[in-house]
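Next up, input.tsv (TSV, C-alpha atoms and all ligand atoms):
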```
chain	number	residue	atom	x	y	z
D	1	MET	CA	15.93	-24.49	4.79
D	2	ASN	CA	12.83	-26.55	5.50
D	3	ALA	CA	9.56	-24.81	6.05
D	4	GLY	CA	9.00	-24.27	9.72
D	5	ALA	CA	12.59	-25.09	10.64
D	6	ARG	CA	12.93	-21.65	12.12
D	7	GLN	CA	10.20	-19.60	13.66
D	8	PRO	CA	9.86	-16.10	12.22
D	9	GLU	CA	11.45	-13.64	14.60
D	10	ALA	CA	8.34	-11.45	14.71
D	11	ALA	CA	5.42	-13.77	14.12
D	12	THR	CA	3.30	-11.67	16.43
D	13	GLY	CA	3.60	-8.46	14.41
D	14	ALA	CA	0.19	-8.70	12.76
D	15	ALA	CA	-1.47	-9.72	16.01
D	16	ALA	CA	0.13	-6.83	17.86
D	17	ARG	CA	-1.03	-4.41	15.19
D	18	ALA	CA	-4.53	-5.87	15.33
D	19	ALA	CA	-4.60	-5.47	19.09
D	20	ARG	CA	-3.66	-1.81	18.80
D	21	ARG	CA	-6.36	-1.19	16.26
D	22	GLU	CA	-8.87	-2.88	18.51
D	23	ARG	CA	-8.09	-0.18	20.99
D	24	GLY	CA	-8.60	2.50	18.35
D	25	ALA	CA	-4.98	3.31	17.84
D	26	VAL	CA	-3.71	5.82	15.37
D	27	THR	CA	-0.30	5.31	13.88
D	28	LEU	CA	2.11	8.12	14.36
D	29	SER	CA	4.32	6.83	11.68
D	30	GLY	CA	8.01	7.17	11.85
D	31	LYS	CA	7.66	5.19	8.69
D	32	ARG	CA	10.59	5.56	6.41
D	33	ARG	CA	10.34	4.56	2.83
D	34	VAL	CA	13.52	3.86	1.02
D	35	HIS	CA	12.85	4.99	-2.49
D	36	ARG	CA	15.69	4.77	-4.88
D	37	ALA	CA	16.43	6.25	-8.24
D	38	GLY	CA	14.55	5.45	-11.39
D	39	TYR	CA	11.30	7.26	-10.99
D	40	ALA	CA	9.80	10.03	-13.04
D	41	PRO	CA	10.80	13.48	-11.72
D	42	TRP	CA	7.28	14.36	-10.65
D	43	TYR	CA	7.33	11.32	-8.41
D	44	GLN	CA	10.80	11.71	-6.94
D	45	GLY	CA	9.89	15.02	-5.37
D	46	ASP	CA	7.22	13.57	-3.13
D	47	ASP	CA	7.94	13.09	0.54
D	48	PHE	CA	6.54	9.75	1.62
D	49	SER	CA	6.69	10.17	5.36
D	50	SER	CA	3.11	10.17	6.44
D	51	PHE	CA	0.95	10.44	9.47
D	52	GLU	CA	-1.33	7.50	8.92
D	53	VAL	CA	-4.78	7.69	10.36
D	54	TRP	CA	-6.78	4.55	10.72
D	55	LEU	CA	-10.38	5.64	10.22
D	56	GLY	CA	-12.10	2.35	10.89
D	57	ARG	CA	-12.76	-0.86	9.03
D	58	ARG	CA	-16.10	-0.11	7.38
D	59	CYS	CA	-15.99	-0.58	3.60
D	60	ASN	CA	-18.28	-0.75	0.57
D	61	GLN	CA	-16.39	-3.72	-0.80
D	62	HIS	CA	-15.76	-7.19	0.58
D	63	CYS	CA	-12.38	-8.20	-0.76
D	64	PRO	CA	-11.68	-11.82	0.21
D	65	PHE	CA	-8.02	-10.99	0.81
D	66	CYS	CA	-8.68	-7.88	2.90
D	67	SER	CA	-6.12	-7.52	5.65
D	68	VAL	CA	-8.19	-5.24	7.88
D	69	ALA	CA	-11.83	-6.30	7.61
D	70	ASP	CA	-11.72	-8.11	10.92
D	71	LEU	CA	-9.83	-5.45	12.78
D	72	GLY	CA	-10.36	-2.35	14.75
D	73	PRO	CA	-13.27	-0.10	15.55
D	74	ASP	CA	-16.04	0.38	13.05
D	75	LEU	CA	-15.43	4.11	12.82
D	76	ALA	CA	-13.19	6.44	14.73
D	77	PRO	CA	-15.28	9.50	15.75
D	78	THR	CA	-14.66	12.86	14.05
D	79	GLY	CA	-13.55	14.62	17.23
D	80	GLU	CA	-11.07	11.91	18.02
D	81	VAL	CA	-9.57	12.00	14.55
D	82	SER	CA	-9.34	15.77	14.74
D	83	ARG	CA	-7.27	15.49	17.93
D	84	TRP	CA	-4.96	13.06	16.19
D	85	PHE	CA	-4.50	15.52	13.34
D	86	THR	CA	-3.45	18.26	15.72
D	87	LEU	CA	-0.83	15.99	17.15
D	88	GLY	CA	0.42	14.50	13.91
D	89	ALA	CA	0.75	17.81	12.09
D	90	ARG	CA	3.51	18.76	14.50
D	91	ALA	CA	5.74	16.13	12.97
D	92	PHE	CA	4.45	15.37	9.48
D	93	ARG	CA	3.62	17.25	6.30
D	94	ARG	CA	1.38	14.55	4.90
D	95	VAL	CA	-1.58	12.79	6.40
D	96	MET	CA	-2.77	9.50	4.96
D	97	PHE	CA	-6.42	8.51	5.25
D	98	CYS	CA	-6.50	4.74	5.66
D	99	GLY	CA	-9.29	2.27	6.30
D	100	GLY	CA	-11.52	0.47	5.58
D	101	GLU	CA	-12.79	2.83	2.94
D	102	PRO	CA	-12.44	6.53	3.80
D	103	THR	CA	-14.79	7.77	1.08
D	104	ILE	CA	-17.89	6.28	2.70
D	105	ARG	CA	-17.49	8.40	5.83
D	106	ARG	CA	-20.09	11.12	5.99
D	107	ASP	CA	-17.52	13.38	7.63
D	108	LEU	CA	-14.86	12.87	4.95
D	109	PHE	CA	-14.91	16.48	3.74
D	110	THR	CA	-14.95	17.74	7.30
D	111	LEU	CA	-11.93	15.59	8.08
D	112	LEU	CA	-10.08	16.81	5.02
D	113	ARG	CA	-10.76	20.39	6.06
D	114	LEU	CA	-9.67	19.67	9.63
D	115	ALA	CA	-6.47	18.09	8.36
D	116	ARG	CA	-5.68	21.20	6.35
D	117	GLU	CA	-6.47	23.44	9.29
D	118	ALA	CA	-4.23	21.31	11.51
D	119	GLY	CA	-1.35	22.19	9.20
D	120	PHE	CA	-0.88	19.24	6.87
D	121	GLU	CA	0.29	20.27	3.42
D	122	ARG	CA	-1.08	17.26	1.65
D	123	ALA	CA	-3.70	14.64	2.34
D	124	VAL	CA	-3.38	11.21	0.78
D	125	LEU	CA	-6.58	9.30	0.24
D	126	LEU	CA	-6.28	5.52	0.01
D	127	THR	CA	-9.44	4.35	-1.69
D	128	ASN	CA	-11.04	1.56	-3.66
D	129	GLY	CA	-12.15	4.25	-6.08
D	130	LEU	CA	-15.86	3.45	-6.30
D	131	MET	CA	-16.94	6.89	-5.10
D	132	LEU	CA	-14.46	8.64	-7.38
D	133	ALA	CA	-16.58	7.54	-10.33
D	134	TYR	CA	-18.80	10.50	-9.48
D	135	PRO	CA	-17.08	13.66	-10.78
D	136	GLU	CA	-18.81	15.97	-8.33
D	137	PHE	CA	-17.64	13.82	-5.42
D	138	LEU	CA	-14.12	13.75	-6.82
D	139	ARG	CA	-14.12	17.53	-7.26
D	140	ARG	CA	-15.13	17.96	-3.62
D	141	VAL	CA	-12.41	15.55	-2.47
D	142	LEU	CA	-9.75	17.47	-4.37
D	143	ASP	CA	-11.12	20.85	-3.33
D	144	ALA	CA	-10.97	19.71	0.28
D	145	GLY	CA	-7.27	19.02	-0.03
D	146	ALA	CA	-6.75	15.38	-1.02
D	147	LEU	CA	-4.04	16.00	-3.58
D	148	SER	CA	-2.68	12.45	-3.59
D	149	ILE	CA	-4.88	9.50	-4.41
D	150	GLY	CA	-3.90	5.88	-3.92
D	151	LEU	CA	-6.42	3.90	-5.93
D	152	SER	CA	-6.72	0.11	-5.66
D	153	LEU	CA	-6.80	-1.61	-9.03
D	154	HIS	CA	-5.86	-5.27	-8.84
D	155	HIS	CA	-6.99	-6.45	-12.26
D	156	HIS	CA	-8.20	-5.09	-15.56
D	157	ALA	CA	-11.11	-7.49	-16.26
D	158	ASP	CA	-14.51	-6.66	-14.81
D	159	ASP	CA	-15.35	-10.22	-13.81
D	160	ALA	CA	-12.04	-10.62	-12.00
D	161	LEU	CA	-12.49	-7.27	-10.26
D	162	ALA	CA	-15.96	-8.32	-9.12
D	163	ALA	CA	-14.56	-11.51	-7.61
D	164	LEU	CA	-11.58	-9.74	-6.04
D	165	SER	CA	-13.71	-7.01	-4.49
D	166	GLY	CA	-16.92	-8.82	-3.65
D	167	HIS	CA	-18.75	-6.03	-5.50
D	168	PRO	CA	-20.33	-6.63	-8.93
D	169	ARG	CA	-19.78	-3.09	-10.23
D	170	THR	CA	-16.20	-2.46	-9.18
D	171	GLY	CA	-14.83	-2.74	-12.74
D	172	PRO	CA	-17.23	-0.27	-14.40
D	173	LEU	CA	-17.07	2.17	-11.49
D	174	VAL	CA	-13.29	2.20	-11.17
D	175	LYS	CA	-12.93	2.66	-14.92
D	176	ARG	CA	-15.26	5.64	-14.69
D	177	ALA	CA	-13.15	6.89	-11.80
D	178	LEU	CA	-10.02	6.72	-13.99
D	179	ALA	CA	-11.74	8.84	-16.62
D	180	ALA	CA	-12.86	11.34	-13.97
D	181	LEU	CA	-9.34	11.47	-12.52
D	182	ALA	CA	-7.87	12.16	-15.96
D	183	GLU	CA	-10.27	15.04	-16.39
D	184	ALA	CA	-9.47	16.37	-12.92
D	185	GLN	CA	-5.73	16.03	-13.45
D	186	ARG	CA	-5.86	18.28	-16.49
D	187	ALA	CA	-7.09	21.07	-14.23
D	188	ARG	CA	-4.79	20.13	-11.32
D	189	PRO	CA	-1.48	18.84	-12.62
D	190	GLU	CA	-0.19	18.65	-9.05
D	191	MET	CA	-2.60	15.82	-8.31
D	192	PHE	CA	-0.58	12.67	-7.69
D	193	LEU	CA	-2.12	9.30	-8.49
D	194	TYR	CA	-0.80	5.87	-7.89
D	195	LEU	CA	-2.55	2.64	-8.71
D	196	SER	CA	-2.09	-0.01	-6.10
D	197	CYS	CA	-2.04	-3.54	-7.50
D	198	VAL	CA	-1.91	-6.25	-4.85
D	199	VAL	CA	-0.13	-9.16	-6.50
D	200	SER	CA	-1.75	-12.47	-5.67
D	201	ARG	CA	-2.41	-15.85	-7.24
D	202	ARG	CA	-5.53	-14.27	-8.75
D	203	ASN	CA	-3.72	-11.83	-11.00
D	204	VAL	CA	-0.05	-12.75	-11.17
D	205	SER	CA	-0.43	-14.74	-14.38
D	206	ASP	CA	-2.17	-11.91	-16.22
D	207	LEU	CA	-0.11	-8.85	-15.44
D	208	ALA	CA	0.61	-8.46	-19.16
D	209	GLY	CA	-3.13	-7.91	-19.73
D	210	TYR	CA	-3.15	-5.44	-16.85
D	211	VAL	CA	-0.35	-3.46	-18.43
D	212	ARG	CA	-2.06	-3.47	-21.82
D	213	PHE	CA	-5.19	-2.07	-20.21
D	214	LEU	CA	-3.26	0.69	-18.48
D	215	ALA	CA	-1.37	1.62	-21.63
D	216	VAL	CA	-4.65	1.98	-23.51
D	217	GLU	CA	-6.12	4.08	-20.68
D	218	ARG	CA	-3.08	6.28	-20.63
D	219	ALA	CA	-3.19	6.83	-24.40
D	220	ARG	CA	-6.94	7.41	-24.38
D	221	THR	CA	-7.22	9.76	-21.43
D	222	GLY	CA	-3.73	11.18	-20.87
D	223	LEU	CA	-3.94	10.13	-17.21
D	224	ARG	CA	-0.57	10.34	-15.45
D	225	PHE	CA	0.04	7.77	-12.73
D	226	MET	CA	2.45	5.36	-11.15
D	227	VAL	CA	1.81	1.68	-10.48
D	228	ALA	CA	2.74	0.15	-7.13
D	229	PHE	CA	2.87	-3.65	-7.22
D	230	ALA	CA	2.58	-4.93	-3.67
D	231	LEU	CA	2.97	-8.57	-2.75
D	232	VAL	CA	-0.23	-9.70	-1.02
D	233	ARG	CA	0.20	-9.71	2.74
D	234	PRO	CA	-0.95	-12.93	4.38
D	235	GLU	CA	-3.07	-11.26	7.04
D	236	GLY	CA	-6.82	-11.27	7.64
D	237	GLY	CA	-8.65	-12.69	4.62
D	238	ALA	CA	-5.47	-13.48	2.71
D	239	LEU	CA	-4.24	-15.48	5.69
D	240	ARG	CA	-7.53	-17.39	5.95
D	241	ASN	CA	-7.48	-18.01	2.19
D	242	PHE	CA	-3.72	-18.42	1.99
D	243	ASP	CA	-3.69	-21.06	-0.75
D	244	GLN	CA	-6.01	-19.07	-2.99
D	245	PHE	CA	-4.10	-15.85	-2.75
D	246	VAL	CA	-0.50	-16.08	-1.66
D	247	PRO	CA	1.90	-16.83	-4.54
D	248	ARG	CA	5.47	-17.97	-4.18
D	249	VAL	CA	7.63	-14.93	-3.95
D	250	ARG	CA	10.24	-15.53	-6.63
D	251	PRO	CA	7.93	-16.28	-9.58
D	252	ALA	CA	5.70	-13.40	-8.49
D	253	ALA	CA	8.67	-11.03	-8.45
D	254	ALA	CA	9.68	-12.20	-11.93
D	255	ALA	CA	6.16	-11.55	-13.21
D	256	VAL	CA	6.15	-8.08	-11.67
D	257	ALA	CA	9.55	-7.33	-13.22
D	258	GLU	CA	8.18	-8.25	-16.62
D	259	ALA	CA	5.17	-6.00	-16.02
D	260	CYS	CA	7.47	-3.16	-14.95
D	261	ALA	CA	9.45	-3.53	-18.18
D	262	ARG	CA	6.27	-3.35	-20.22
D	263	LEU	CA	5.13	-0.30	-18.28
D	264	ALA	CA	8.52	1.36	-18.71
D	265	ALA	CA	8.14	0.95	-22.46
D	266	GLU	CA	4.94	2.99	-22.12
D	267	ASP	CA	6.73	5.57	-19.94
D	268	ILE	CA	4.66	4.57	-16.91
D	269	PRO	CA	6.70	4.36	-13.69
D	270	ALA	CA	6.22	1.35	-11.43
D	271	VAL	CA	7.59	0.07	-8.17
D	272	PHE	CA	7.74	-3.12	-6.12
D	273	TYR	CA	6.48	-3.22	-2.56
D	274	HIS	CA	6.81	-5.89	0.08
D	275	PHE	CA	9.13	-8.10	-1.94
D	276	PRO	CA	12.44	-9.22	-0.43
D	277	LEU	CA	15.09	-7.45	-2.43
D	278	CYS	CA	16.92	-10.65	-3.31
D	279	ALA	CA	13.81	-11.83	-5.16
D	280	VAL	CA	13.71	-8.68	-7.26
D	281	PRO	CA	15.71	-8.99	-10.48
D	282	PRO	CA	18.81	-6.77	-10.13
D	283	GLU	CA	17.81	-4.45	-12.95
D	284	TRP	CA	14.63	-3.57	-11.00
D	285	MET	CA	16.08	-3.22	-7.53
D	286	ASN	CA	16.16	0.52	-7.96
D	287	HIS	CA	12.41	0.37	-8.31
D	288	SER	CA	11.77	-1.12	-4.94
D	289	GLY	CA	10.09	1.12	-2.41
D	290	GLU	CA	10.38	-0.42	0.99
D	291	ILE	CA	8.65	0.53	4.16
D	292	TYR	CA	9.97	0.57	7.66
D	293	TYR	CA	7.56	0.41	10.49
D	294	ASP	CA	9.44	2.37	13.07
D	295	ASP	CA	6.04	3.39	14.26
D	296	VAL	CA	4.79	4.85	17.44
D	297	TYR	CA	1.18	4.20	18.30
D	298	LEU	CA	-0.98	6.69	20.11
D	299	HIS	CA	-3.82	5.40	22.15
D	300	PRO	CA	-6.95	7.40	22.66
D	301	PRO	CA	-8.24	8.91	24.79
D	302	ASP	CA	-5.00	10.07	26.34
D	303	LEU	CA	-2.82	9.72	23.22
D	304	ARG	CA	-0.26	7.89	25.25
D	305	PRO	CA	2.65	6.95	22.99
D	306	GLU	CA	3.78	3.37	22.83
D	307	PRO	CA	6.67	2.21	20.66
D	308	ALA	CA	5.71	-0.39	18.12
D	309	THR	CA	6.89	-3.89	18.76
D	310	GLY	CA	7.14	-6.66	16.24
D	311	ARG	CA	6.85	-6.50	12.49
D	312	ASP	CA	4.61	-8.29	10.08
D	313	PHE	CA	7.73	-9.13	8.13
D	314	THR	CA	10.71	-11.12	9.20
D	315	TYR	CA	14.25	-11.99	8.13
D	316	GLY	CA	15.88	-15.35	7.71
D	317	PRO	CA	19.16	-16.27	9.36
D	318	GLU	CA	20.82	-15.72	5.97
D	319	CYS	CA	19.81	-12.07	6.05
D	320	ALA	CA	22.25	-11.23	8.84
D	321	THR	CA	25.13	-11.13	6.38
D	322	CYS	CA	23.27	-9.61	3.44
D	323	VAL	CA	24.23	-6.18	2.17
D	324	HIS	CA	20.61	-5.45	1.32
D	325	ARG	CA	19.21	-5.94	4.79
D	326	PRO	CA	19.16	-2.23	5.77
D	327	ALA	CA	16.88	-1.48	2.81
D	328	CYS	CA	14.99	-4.78	2.66
D	329	VAL	CA	11.64	-5.62	4.17
D	330	GLY	CA	12.32	-9.39	4.35
D	331	LEU	CA	9.48	-11.91	4.04
D	332	PRO	CA	5.94	-11.70	5.43
D	333	SER	CA	6.04	-13.56	8.72
D	334	ALA	CA	3.14	-15.86	7.83
D	335	TYR	CA	4.78	-16.68	4.51
D	336	ALA	CA	8.02	-17.58	6.24
D	337	ALA	CA	6.10	-19.72	8.72
D	338	ARG	CA	4.62	-21.68	5.79
D	339	PHE	CA	7.52	-21.88	3.37
D	340	GLY	CA	10.62	-21.04	5.36
D	341	PHE	CA	13.43	-18.96	3.93
D	342	GLU	CA	14.66	-21.17	1.12
D	343	GLU	CA	13.91	-18.59	-1.56
D	344	LEU	CA	16.19	-15.99	-0.03
D	345	ALA	CA	19.59	-15.41	-1.56
D	346	PRO	CA	21.71	-13.06	0.55
D	347	VAL	CA	24.18	-10.87	-1.23
D	348	LEU	CA	27.47	-10.68	0.60
D	349	ALA	CA	29.66	-7.60	0.62
D	350	SER	CA	32.56	-8.03	-1.76
D	351	PRO	CA	35.98	-8.06	-0.06
D	352	GLY	CA	37.34	-4.57	0.31
D	353	ALA	CA	33.96	-2.99	-0.31
D	401	LIG	S1	18.74	-12.26	1.97
D	401	LIG	FE1	17.35	-11.26	3.44
D	401	LIG	S2	18.09	-9.16	3.68
D	401	LIG	FE2	19.03	-10.00	1.83
D	401	LIG	S3	17.70	-9.30	0.21
D	401	LIG	FE3	17.05	-11.38	0.79
D	401	LIG	S4	15.43	-11.05	2.32
D	401	LIG	FE4	16.54	-9.12	2.10
```
Do you think you could lay out the structure here as structure tokens?
Amino acid sequence: MNAGARQPEAATGAAARAARRERGAVTLSGKRRVHRAGYAPWYQGDDFSSFEVWLGRRCNQHCPFCSVADLGPDLAPTGEVSRWFTLGARAFRRVMFCGGEPTIRRDLFTLLRLAREAGFERAVLLTNGLMLAYPEFLRRVLDAGALSIGLSLHHHADDALAALSGHPRTGPLVKRALAALAEAQRARPEMFLYLSCVVSRRNVSDLAGYVRFLAVERARTGLRFMVAFALVRPEGGALRNFDQFVPRVRPAAAAVAEACARLAAEDIPAVFYHFPLCAVPPEWMNHSGEIYYDDVYLHPPDLRPEPATGRDFTYGPECATCVHRPACVGLPSAYAARFGFEELAPVLASPGA
């Protein structure tokens, strides 16, 4: 199909999400992640349903592909977030601190305590990792209840990390953070760490080097982690800089599959995110963790629920007959608007199946 021959069915998903954030929305996530077999046992046991709290867009990095830098309030106030916790803890065991960068909030430890008091069993901290380079800060984060850490690491080379983050010291600081996390994990084996690698044109050709770096880190420090390879989402900065960042999906998926195989040889689990399943080589389909945004948004100050409308991903006409559709995220809407659906290859149910 020619690019642009069909409009994505939900091209307004990102805009709708942005509009909600502008109003200071928190996501009460009915988010369902379809994780399949193939993970290490310590990973399989985790429940990925989360109450996601958008804490504001302020950050100590300036990633040129950031999807949220332009969005939402600067900071959601402590009292407001606390009210959200009370509500979310009725339905969820985990709360996810999203941003922007949560670790630069002065009230971070207060919020972690409030989340625990609200009844959440586990807090997940999504972070760029700069502040975790300081062991005392990390100890306080873990003591306050953040037992899952999602750490962004999009490259292994310091110069590339500086360019990708807009911060000259990201590489050295994040590498210090990995050492501090290894130390902390020895004392708290229940601490769950995943490294989030956004796959873009800037790193897709050097994932082998990335894996080599991780294997050395693992051998040197004993750090236990999973790697989540997520296809860059053409929103915000990545949409503005589309040609610099957004790779074609099929070659990117092949590169990630090769990286996953190398990681598997090192006994490091890895998953795909945000790739259409038909682009994932069959032997790695079981390592695809997909996300469903069956979200409900709650609007302060009255926490009025509003069902989410629109997705940032879309399906092609071919997808209607594909057996994978129930577990597949489809294509990013902006990607489909640029390139169409020609890379998709629906898998039809075999007769009698
Ligand atoms: S054809 Fe569509 S539904 Fe099927 S795997 Fe590809 S993107 Fe997903």
Which value, in Å to one decimal, gives the distance between atom CA of D:Ala334 and atom CA of D:Glu235?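 Between atom CA of D:Ala334 and atom CA of D:Glu235 the gap works out to 7.8 Å.
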Do you know which residues are within 9 Å of ligand LIG 401 (chain D) using all atoms listed in the file? Can you write them as number ranges by chain? D: 275-280, 314-331, 341, 343-348
Quick one: residues within 10 Å of D:Ala162, all atoms listed in the file, excluding same-chain residues fewer than 6 positions away - as an MDAnalysis selection string? chainID D and resid 61:63 155 168:172
Find the residue from D:Glu283, D:Asp243, D:Glu190, D:Asp158 that sits nearest to D:Leu142; use all atoms listed in the file when measuring.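 Using all atoms listed in the file, D:Leu142 sits closest to D:Glu190.
Closest to D:Leu164 among D:Arg202, D:Arg139, D:Arg188, D:Arg93 is D:Arg202, based on only C-alpha atoms.
Nearest to D:Leu138 of all the residues D:Arg201, D:Arg122, D:Arg176, D:Arg250 is D:Arg176, based on only C-alpha atoms.
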Select, counting all atoms listed in the file, all protein, DNA and RNA residues no farther than 12 Å from (-12.6, 9.3, 1.0) in file coordinates, and express the selection as a ChimeraX atom specification. /D:55,58-60,96-112,123-132,137-142,144-151
Point-to-point distance from atom CA of D:Ala259 to atom CA of D:Phe229, Å rounded to tenths: 9.4 Å
Atom-to-atom span, atom CA of D:Thr86 and atom CA of D:Val53, Å: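 Here the two named atoms are 11.9 Å from each other.
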Compile the contact shell of stretch 179-181 of chain D as a list in words: residues with an atom at most 8 Å away, counting all atoms listed in the file, same-chain residues fewer than 4 positions apart removed.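 Skipping anything fewer than 4 positions along the chain leaves Leu132, Ala133, Tyr134, Pro135, Leu138, Lys175, Gln185, Thr221 and Leu223 of chain D.
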Can you work out which one of D:Pro234, D:Val227, D:Thr78, D:Pro269 has the shortest atom-to-atom distance to D:Phe313, counting all atoms listed in the file? D:Pro234
